[in-house]
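Written out below as structure tokens is the structure these notes cover.
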Amino acid sequence: VIYPNPVTSSATIQFDLQKNALVFLEIYTMDGKHVQTLSQGQLKAGPHELIWNPEVSSGNYLGRLSVTADNQHRDYTVKIRVNGKGSKI
């Protein structure tokens, strides 16, 4: 879950892991350019919450959560709208 969406100054990203897992949470432009890595590493099972303070131009982005546990891999993608920030990209 990401809220608020559209994002103005910051967004809260929440997810729950069923098992301990290797997790990557990354932000990309719509054309696939990597913007930022918010989480990278092993996380314990349970609820997790991250805050994203985007330093990007207004527009649409993709948030990608990649989870690997017990030799199984899953990717989750959500479209994020950013309104009203300065340009870095």
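Each chain in the structure tokens gets a letter, A, B and so on, in the order shown; residues start at 1 in every chain, and ligands are counted from 1 in the order they appear.
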I need the residues in chain A that are strand (DSSP E) according to DSSP; give them as a ChimeraX atom specification.
/A:2-3,11-17,21-29,34-43,46-52,59-69,72-82
Find the residues near A:Asp16: any atom within 6 Å, counting only C-alpha atoms, skip ones fewer than 6 places away on the same chain, and give them as a list in words.
Gly46, Pro47 and His48 of chain A
I need the residues from that last selection saved to file as a PDB file, in the first residue's frame (with all heavy atoms), if you can.
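Wrote again33.pdb, looks like this:
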```pdb
ATOM      1  N   GLY A  46       6.732 -10.028   8.912  1.00  0.00           N
ATOM      2  CA  GLY A  46       5.893  -9.086   9.637  1.00  0.00           C
ATOM      3  C   GLY A  46       5.664  -7.813   8.852  1.00  0.00           C
ATOM      4  O   GLY A  46       6.076  -7.688   7.703  1.00  0.00           O
ATOM      5  N   PRO A  47       5.019  -6.832   9.472  1.00  0.00           N
ATOM      6  CA  PRO A  47       4.701  -5.572   8.791  1.00  0.00           C
ATOM      7  C   PRO A  47       5.924  -4.658   8.690  1.00  0.00           C
ATOM      8  O   PRO A  47       6.771  -4.642   9.590  1.00  0.00           O
ATOM      9  CB  PRO A  47       3.621  -4.948   9.670  1.00  0.00           C
ATOM     10  CG  PRO A  47       3.849  -5.534  11.019  1.00  0.00           C
ATOM     11  CD  PRO A  47       4.430  -6.903  10.808  1.00  0.00           C
ATOM     12  N   HIS A  48       5.987  -3.913   7.591  1.00  0.00           N
ATOM     13  CA  HIS A  48       7.071  -2.958   7.358  1.00  0.00           C
ATOM     14  C   HIS A  48       6.487  -1.664   6.810  1.00  0.00           C
ATOM     15  O   HIS A  48       5.496  -1.697   6.087  1.00  0.00           O
ATOM     16  CB  HIS A  48       8.096  -3.532   6.373  1.00  0.00           C
ATOM     17  CG  HIS A  48       8.785  -4.738   6.909  1.00  0.00           C
ATOM     18  ND1 HIS A  48       9.932  -4.662   7.655  1.00  0.00           N
ATOM     19  CD2 HIS A  48       8.451  -6.053   6.847  1.00  0.00           C
ATOM     20  CE1 HIS A  48      10.291  -5.880   8.017  1.00  0.00           C
ATOM     21  NE2 HIS A  48       9.414  -6.744   7.539  1.00  0.00           N
TER      22      HIS A  48
END
```
Which residues, written as a PyMOL selection string, have at least one atom at most 12 Å from A:Trp52, with only C-alpha atoms counted and residues fewer than 3 positions away on the same chain left out?
chain A and resi 2-5+7-14+25-27+35-39+49+55-56+63+80+82
Those selected residues, please, written with N, CA, C and O atoms and delivered as an mmCIF file, in the first residue's frame.
```
data_model
loop_
_atom_site.group_PDB
_atom_site.id
_atom_site.type_symbol
_atom_site.label_atom_id
_atom_site.label_comp_id
_atom_site.auth_asym_id
_atom_site.auth_seq_id
_atom_site.Cartn_x
_atom_site.Cartn_y
_atom_site.Cartn_z
ATOM 1 N N ILE A 2 0.544 2.215 -0.815
ATOM 2 C CA ILE A 2 1.245 3.502 -0.800
ATOM 3 C C ILE A 2 0.210 4.610 -0.654
ATOM 4 O O ILE A 2 -0.815 4.604 -1.335
ATOM 5 N N TYR A 3 0.462 5.525 0.268
ATOM 6 C CA TYR A 3 -0.459 6.641 0.457
ATOM 7 C C TYR A 3 0.310 7.858 0.943
ATOM 8 O O TYR A 3 1.351 7.698 1.586
ATOM 9 N N PRO A 4 -0.117 9.030 0.621
ATOM 10 C CA PRO A 4 -1.159 9.301 -0.363
ATOM 11 C C PRO A 4 -0.636 9.055 -1.783
ATOM 12 O O PRO A 4 0.566 9.062 -2.006
ATOM 13 N N ASN A 5 -1.519 8.826 -2.668
ATOM 14 C CA ASN A 5 -1.176 8.664 -4.077
ATOM 15 C C ASN A 5 -2.290 9.332 -4.870
ATOM 16 O O ASN A 5 -3.377 8.771 -4.955
ATOM 17 N N VAL A 7 1.314 11.685 -4.657
ATOM 18 C CA VAL A 7 2.255 12.102 -3.622
ATOM 19 C C VAL A 7 2.581 13.580 -3.828
ATOM 20 O O VAL A 7 2.825 13.999 -4.948
ATOM 21 N N THR A 8 2.606 14.351 -2.750
ATOM 22 C CA THR A 8 3.037 15.744 -2.854
ATOM 23 C C THR A 8 4.397 15.918 -2.196
ATOM 24 O O THR A 8 5.370 16.226 -2.859
ATOM 25 N N SER A 9 4.511 15.699 -0.895
ATOM 26 C CA SER A 9 5.800 15.892 -0.234
ATOM 27 C C SER A 9 6.415 14.591 0.260
ATOM 28 O O SER A 9 7.626 14.439 0.262
ATOM 29 N N SER A 10 5.593 13.646 0.714
ATOM 30 C CA SER A 10 6.106 12.345 1.137
ATOM 31 C C SER A 10 5.007 11.305 1.021
ATOM 32 O O SER A 10 3.825 11.642 0.979
ATOM 33 N N ALA A 11 5.441 10.043 0.964
ATOM 34 C CA ALA A 11 4.492 8.937 0.870
ATOM 35 C C ALA A 11 4.908 7.849 1.844
ATOM 36 O O ALA A 11 6.093 7.630 2.087
ATOM 37 N N THR A 12 3.931 7.169 2.393
ATOM 38 C CA THR A 12 4.164 6.022 3.251
ATOM 39 C C THR A 12 3.935 4.765 2.425
ATOM 40 O O THR A 12 2.917 4.646 1.744
ATOM 41 N N ILE A 13 4.897 3.852 2.478
ATOM 42 C CA ILE A 13 4.798 2.584 1.755
ATOM 43 C C ILE A 13 4.765 1.481 2.799
ATOM 44 O O ILE A 13 5.685 1.359 3.612
ATOM 45 N N GLN A 14 3.697 0.682 2.785
ATOM 46 C CA GLN A 14 3.537 -0.391 3.757
ATOM 47 C C GLN A 14 3.429 -1.724 3.034
ATOM 48 O O GLN A 14 2.784 -1.823 1.991
ATOM 49 N N LEU A 25 13.077 -2.604 -2.644
ATOM 50 C CA LEU A 25 11.994 -1.673 -2.939
ATOM 51 C C LEU A 25 12.617 -0.508 -3.685
ATOM 52 O O LEU A 25 13.462 0.214 -3.140
ATOM 53 N N GLU A 26 12.244 -0.355 -4.951
ATOM 54 C CA GLU A 26 12.879 0.622 -5.825
ATOM 55 C C GLU A 26 11.839 1.450 -6.562
ATOM 56 O O GLU A 26 10.723 0.997 -6.794
ATOM 57 N N ILE A 27 12.243 2.656 -6.927
ATOM 58 C CA ILE A 27 11.403 3.563 -7.694
ATOM 59 C C ILE A 27 12.030 3.734 -9.074
ATOM 60 O O ILE A 27 13.238 3.914 -9.200
ATOM 61 N N VAL A 35 15.405 5.379 -10.225
ATOM 62 C CA VAL A 35 15.380 6.667 -9.534
ATOM 63 C C VAL A 35 15.998 6.547 -8.143
ATOM 64 O O VAL A 35 16.866 7.328 -7.770
ATOM 65 N N GLN A 36 15.541 5.558 -7.379
ATOM 66 C CA GLN A 36 15.988 5.452 -5.994
ATOM 67 C C GLN A 36 15.713 4.054 -5.457
ATOM 68 O O GLN A 36 14.701 3.438 -5.799
ATOM 69 N N THR A 37 16.609 3.560 -4.599
ATOM 70 C CA THR A 37 16.389 2.325 -3.857
ATOM 71 C C THR A 37 16.010 2.702 -2.435
ATOM 72 O O THR A 37 16.758 3.410 -1.757
ATOM 73 N N LEU A 38 14.841 2.252 -1.998
ATOM 74 C CA LEU A 38 14.359 2.579 -0.657
ATOM 75 C C LEU A 38 14.690 1.497 0.356
ATOM 76 O O LEU A 38 14.808 1.776 1.546
ATOM 77 N N SER A 39 14.811 0.268 -0.107
ATOM 78 C CA SER A 39 15.157 -0.840 0.783
ATOM 79 C C SER A 39 15.897 -1.885 -0.032
ATOM 80 O O SER A 39 15.529 -2.176 -1.166
ATOM 81 N N GLU A 49 7.124 -0.548 7.145
ATOM 82 C CA GLU A 49 6.669 0.760 6.685
ATOM 83 C C GLU A 49 7.895 1.612 6.358
ATOM 84 O O GLU A 49 8.823 1.701 7.156
ATOM 85 N N GLU A 55 12.314 13.364 -4.554
ATOM 86 C CA GLU A 55 13.046 14.522 -5.083
ATOM 87 C C GLU A 55 13.088 14.368 -6.594
ATOM 88 O O GLU A 55 14.161 14.228 -7.187
ATOM 89 N N VAL A 56 11.919 14.328 -7.189
ATOM 90 C CA VAL A 56 11.770 14.075 -8.622
ATOM 91 C C VAL A 56 10.783 15.065 -9.224
ATOM 92 O O VAL A 56 10.025 15.717 -8.502
ATOM 93 N N GLY A 63 6.685 2.016 -8.506
ATOM 94 C CA GLY A 63 7.302 1.462 -7.316
ATOM 95 C C GLY A 63 7.349 -0.041 -7.493
ATOM 96 O O GLY A 63 6.334 -0.669 -7.827
ATOM 97 N N ILE A 80 2.787 5.262 -9.249
ATOM 98 C CA ILE A 80 2.789 6.357 -8.277
ATOM 99 C C ILE A 80 2.770 7.677 -9.027
ATOM 100 O O ILE A 80 3.568 7.886 -9.942
ATOM 101 N N VAL A 82 3.419 11.654 -8.756
ATOM 102 C CA VAL A 82 4.063 12.690 -7.944
ATOM 103 C C VAL A 82 3.638 14.046 -8.467
ATOM 104 O O VAL A 82 3.740 14.325 -9.666
#
```
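The coordinates place atom CA of A:Leu22 at 7.6 Å from atom CA of A:Gln40.
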Of the candidates A:Leu62, A:Val1, A:Pro6, A:Asn71, which shows the shortest atom-to-atom distance to A:Asn20, using only C-alpha atoms?
A:Asn71
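If only C-alpha atoms are the atoms counted, then among A:Ser66, A:Asn83, A:Asn60, A:Gln72 the closest residue to A:Asp31 is A:Asn60.
The gap separating atom CA of A:Leu43 from atom CA of A:Arg74 is 14.9 Å, in Å to one decimal.
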